[in-house]
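Scroll down for the structure; my scribbles are underneath it.
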Amino acid sequence: MASASDALSPDRLVRRSDLSALSFATTAELADIDLMVGQERAGSAIAFGTEVAAQGFNLFVVGASPDSLDEAVKALLEERAKPAPPPADWVYLNNFVTPHRPIAMELPPGGGPAFREAMREFVQDLKLALPAAFESDDYQARRTAIEQAFSQKQEAAFKALQDEATASNVAVIRTPFGFTLAPMKDGQVLRPDVFNALPEDERSRVHEVIQVLEKNLEAVLQSVPAWDKERRAELRKLGKETTENAVGHLIEEIKGSFVELPGVLDHLERVRADLVENVGLFVPQQGNGSDHEGDAVVVAPFDRYEVNLLVTQREEQGAPVVQELHPTLANLVGRIEHIARQGTLMTDFRLIKPGALHRANGGYLLLDARAVLSEPFCWTALKRALKSRHIRIESAVDLLSLTSTISLEPDPIPLNVKIVLFGERILYYLLAALDPEFREHFKVLADFDDSLDRVEGSEATYARLVATLGRQKGLLPLERDAVGRVIERAARLAGDAEKLTLAVEEIGDLLVEAEYWARKDRAAAIRAGDVGRAIDEQFKRASRIRDRMQESILRDIALIDTSGTAVGQINGLSVTELGGVMFGRPTRITARVSPGAGKVVDIEREVELGGPIHSKGVLILSGFLTGRYGLDAPVSLLASLVFEQSYGGVEGDSASSAELYALLSALAEVPLRQDLAVTGSVNQHGKVQAIGGVNEKIEGFFDICRARGLTGTQGVLVPAANAQHLMLRDDVVEACAAGRFAVHAVATIDEGLALMTGMPAGERGADGTFPEGTVNRRVEDRMVAFARTRRALPVDAGARET
Amino acid sequence: MSGPGHADPVFRRAVIGFHDAGCSPSGLDAAVGFARAMESQLVGVFVEDTPLLEWSSSPLSRHVTTLAGRWATATPDSLAAEFATAARIVRRRLSRVAEALGVSVDFRVERASAASLTFAATARPRDLLIVVEPADPMARLCYPFADLVRAIEASSAPVLYMPHGAQQRRGPVVSIEPQLDGESSRIAAEVAARIGESLISIGGADAPWTAPLNLQDVEHALAGVAERLVVLGRPEPTSSQPSLFATIAARRLVPTLVVGAGHPGAPQARHPVVQEPPGD
């Protein structure tokens, strides 16, 4: 039987926090600390990545929990960005020559709004100045003169024709859409019957006269379009002159405000030319407003002079730090919106909207790698932008050719941005392996540590981290004991008594929940009890499956013994993670042996429920048996191992030591204690090796034992190497301290065998044999017996030698 | 818009006459706008010119369209079809303008002489006849419009002559009274009150001109005035100043309301369309 002295002492089952280096009552007294604490490697990488201006030195930030990294990195980048010069403003302007290709213009930081306002005022002035100019007496007089000249020209020609017709006794008559000629006499048109009554020669004469007049009238009518063209040309010329006079001083006024910006001055000249050329768009009576009807992109009058302010930056803001949480293609590179006009989707330069690349241009853009990769076209668009160093607005709809709406090809905008991608390590390694362009664009890896070494002073540092997190979230301060409890929880989350997790998001969540319970009690600060309650409640919320599993054991549906002994049967321990909550549970492992060809059958593998690592663990057992017992003859054993009542997949090798104990028990026909559970992997030399989830596994067996009543003999065998990871629950530690439960650290299979069987394992003596009365001796004897049995069997009797 | 909104309209109906498809758009807008301001019921009458229809049965009858510029034989059927098409166009345009101004319009097609205000045959007491000047200068010079202008002088009905390019603006109503009958002043006062404009009266005993009234006198009297409407008592037509109302309207680009007793002795239309056969 295992004694209390074999078990780990209570102080090794949990490492209590030590805040003696830091004097404080509550976290309100603690100064803030950089959230990048303990991340020197990643911090240096970020500093390097942000300072190197060369192309491709973008950052890929990886960590076990990337979601919790972005805040810290963002804060760091904002610090760096603050003193940096702000980037230029960018505007899109109408391209008067080819409206579907809007012009991008760079302006000094903060200059965009001023330019936009200036142009808005200009348009407002135009709305008054242009109509006023065209309603002026001078313009109207000149216009009337042109119109009258045209009318007079028509009238003169028509009057001459009419006089000629009258002289020939022919009337010119207006019809609904034209003219007709009719004979008359004494100033009156002849009725058809009267005309028909005229002598033949008279009718012929009239006919000839009318034929001549028809030709003359036709000539007059054909002259009208030419005269009208002249009229329009003169009116256009007059309109241009009038416009030039009306807008000239307005243009010069704006130019005065932007003399330092040649791009703006050029644009204003283009505006002047466009106004003069297209005055009909603004003054309807100019009549040439329909000149643009055939254009693909039609911009409403006056709107064409607007300034689409894409991005602007206040001078004191420094470089931008932008985080795009939803990096669709449109949100990344910008988009061109459309509006429905008479059933058609139309667009113009004013509907160009910026993307995250525009907003972050000249600064930093933070993106979640998984989100970028899962959005269609986004990853390739990002790489294209980085390669070309230009932001070119692309639409997924256009890329797929789904629709054929009228769209734009805006000028690409030069790109100078530092991309910071956040992702899991696996994403980084997969991209590095599978995407040949990846390394070209993301040359700097910032690999965040998952935990902080629990060394001298680190708990004090962690206490400040807790204080900072609490303040950031606007929580109540934590009492000293509560901080200690959080630190212990951080070690437990790290799965290592010597480490503290740096997954600050989880710690932040814990603080929020602890504060909830503190406020429930109207406490002024978060207490250790609140933290403990929060931990319990977190577990409780997610532990329905664990409760059902335990229930099935306690109701003897899942067969687990916690007392007595059995041959070839052992309590293994497994751990399950569901929805972020891990819990352990015991699983019965059994072994059967018989003479055979030296094969250990892993039933889990045979039915494809065992994963490769588990299979590897079982195969190692063969190596152990061969190495330890098959010195003189081949191992003539057929053994089968199974996780009883396991209907799902089994993976990992943490049960390999338990399987070996069961196998050796079956071979030696020595019963194993059922009040103990075992975890740990084993190598071919019988050394017990560390496994994961040790705390959860111990607690899982403890909970079953406690539910059935702790006997004082129950306990768990864990690898000695895992002793440093122990951060057990208070109730487990208390039970161990009271001698009602025990955790045994074993380094070898022999140590474990002694504990599990109460019989010494035995070492091979100088004579090459194991001592009598030891487990190993019994195993070897049984294997020799198997070998003999096998040799005695005829060859065709090998049905069991599968 | 209008002044005292509850009083009876000065003109119960405003009847616009059409005889081809070439009505001036600006004139039509202004005519409908005036009818709305006067709160008169708007009526459009398209007159299919019977003399022209009759002439179309002649073997000599050919016509040329201003757009195509080519001659083609005209028949009663083809001309009737053209009239119907023109009527549809005019009706659509009138409806569009009226709808834009929120005015309801009644439209009808009649066969009559287009040169003689015959659409006035449908007129009732307190109706206003509106004649809109064609945009095409050639149409203004020939039958039937030229004859219609003379018919206005001869008629005693109130006729609003709306020039092509008429400007719709706020300004006083100017009453010009070449004779001392007081008719134009009375109507001008009523109109001015209805549309909420001031009234300027010129003429009567204090007339700054010596009869007969001519364009120069009017221009001189209205120097510096930007009027909205001229109300003109029918002057005695003279050979030197025929159709003075039309000339005033065209020069000043404002509608001219012609009122007062007509002058049947005024020069007749140059082309009364039908001559009775000799011996009839």
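Residues are named by chain letter and number: chains run A, B, ... in the order of the structure tokens, numbers start at 1 in each chain, and ligands are numbered from 1 in the order shown.
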
Compute the set of chain B residues within 9 Å of chain A, using only C-alpha atoms, and express it as a PyMOL selection string. chain B and resi 19-22+48-49+51-52+54-71+74+79+82-83+85-87+136-145+269-278

According to DSSP computed on the backbone, where in segment 108-243 of chain B is there strand (DSSP E)? Give the residues as a ChimeraX atom specification. /B:108-112,127-132,159-162,173-177,199-203,229-233

From the list B:Gly102, B:Gly260, B:Gly196, B:Gly165, which residue is nearest Pro178 of chain B when using only C-alpha atoms?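 Using only C-alpha atoms, the shortest distance to Pro178 of chain B belongs to B:Gly260.
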
Let me make sure I understand: among B:Leu160, B:Ala221, B:Gly171, B:Ala166, which one has the smallest atom-to-atom distance to Phe245 of chain B if we use only C-alpha atoms? B:Leu160

Could you work out how far atom CA of Arg12 of chain B lies from atom CA of Arg36 of chain B, giving the answer in Å with one decimal?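 Taking atom CA of Arg36 of chain B as the start and atom CA of Arg12 of chain B as the end point, the length is 11.3 Å.
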
Distance query segment 16-18 of chain B at most 8 Å, only C-alpha atoms, self and fewer than 4 positions along chain excluded, as a PyMOL selection string: chain B and resi 23+31+42-47+90+119+129-132

Write a file of the selected residues as a PDB file, in the first residue's frame, keeping N, CA and C atoms.
ATOM      1  N   CYS B  23     -46.117  74.635 -81.461  1.00  0.00           N
ATOM      2  CA  CYS B  23     -46.375  75.662 -80.449  1.00  0.00           C
ATOM      3  C   CYS B  23     -45.102  75.978 -79.660  1.00  0.00           C
ATOM      4  N   ALA B  31     -48.369  80.489 -70.798  1.00  0.00           N
ATOM      5  CA  ALA B  31     -49.830  80.531 -70.927  1.00  0.00           C
ATOM      6  C   ALA B  31     -50.491  79.724 -69.818  1.00  0.00           C
ATOM      7  N   LEU B  42     -58.504  75.520 -67.258  1.00  0.00           N
ATOM      8  CA  LEU B  42     -57.679  75.477 -68.467  1.00  0.00           C
ATOM      9  C   LEU B  42     -58.314  74.542 -69.497  1.00  0.00           C
ATOM     10  N   VAL B  43     -58.465  75.060 -70.709  1.00  0.00           N
ATOM     11  CA  VAL B  43     -59.035  74.269 -71.802  1.00  0.00           C
ATOM     12  C   VAL B  43     -58.106  74.399 -73.008  1.00  0.00           C
ATOM     13  N   GLY B  44     -57.793  73.258 -73.632  1.00  0.00           N
ATOM     14  CA  GLY B  44     -57.004  73.288 -74.859  1.00  0.00           C
ATOM     15  C   GLY B  44     -57.890  72.864 -76.025  1.00  0.00           C
ATOM     16  N   VAL B  45     -57.817  73.603 -77.107  1.00  0.00           N
ATOM     17  CA  VAL B  45     -58.623  73.268 -78.288  1.00  0.00           C
ATOM     18  C   VAL B  45     -57.683  73.167 -79.479  1.00  0.00           C
ATOM     19  N   PHE B  46     -57.643  71.996 -80.088  1.00  0.00           N
ATOM     20  CA  PHE B  46     -56.849  71.832 -81.306  1.00  0.00           C
ATOM     21  C   PHE B  46     -57.800  71.951 -82.494  1.00  0.00           C
ATOM     22  N   VAL B  47     -57.496  72.908 -83.356  1.00  0.00           N
ATOM     23  CA  VAL B  47     -58.379  73.165 -84.491  1.00  0.00           C
ATOM     24  C   VAL B  47     -57.798  72.514 -85.739  1.00  0.00           C
ATOM     25  N   VAL B  90     -49.596  67.897 -79.115  1.00  0.00           N
ATOM     26  CA  VAL B  90     -49.938  69.123 -78.390  1.00  0.00           C
ATOM     27  C   VAL B  90     -50.611  68.790 -77.065  1.00  0.00           C
ATOM     28  N   PHE B 119     -62.209  78.853 -82.694  1.00  0.00           N
ATOM     29  CA  PHE B 119     -62.346  78.096 -81.442  1.00  0.00           C
ATOM     30  C   PHE B 119     -63.068  78.927 -80.396  1.00  0.00           C
ATOM     31  N   LEU B 129     -59.457  83.841 -74.378  1.00  0.00           N
ATOM     32  CA  LEU B 129     -58.833  83.070 -75.455  1.00  0.00           C
ATOM     33  C   LEU B 129     -57.337  83.344 -75.424  1.00  0.00           C
ATOM     34  N   ILE B 130     -56.566  82.276 -75.562  1.00  0.00           N
ATOM     35  CA  ILE B 130     -55.106  82.436 -75.527  1.00  0.00           C
ATOM     36  C   ILE B 130     -54.543  81.951 -76.850  1.00  0.00           C
ATOM     37  N   VAL B 131     -53.754  82.813 -77.480  1.00  0.00           N
ATOM     38  CA  VAL B 131     -53.084  82.464 -78.729  1.00  0.00           C
ATOM     39  C   VAL B 131     -51.577  82.478 -78.445  1.00  0.00           C
ATOM     40  N   VAL B 132     -50.957  81.328 -78.660  1.00  0.00           N
ATOM     41  CA  VAL B 132     -49.523  81.224 -78.398  1.00  0.00           C
ATOM     42  C   VAL B 132     -48.776  81.346 -79.713  1.00  0.00           C
TER      43      VAL B 132
END

Give me every alpha helix (DSSP H) residue in segment 286-399 of chain A, going by DSSP on the backbone, as a PyMOL selection string. chain A and resi 329-333+356-360+369-374+378-388+396-399
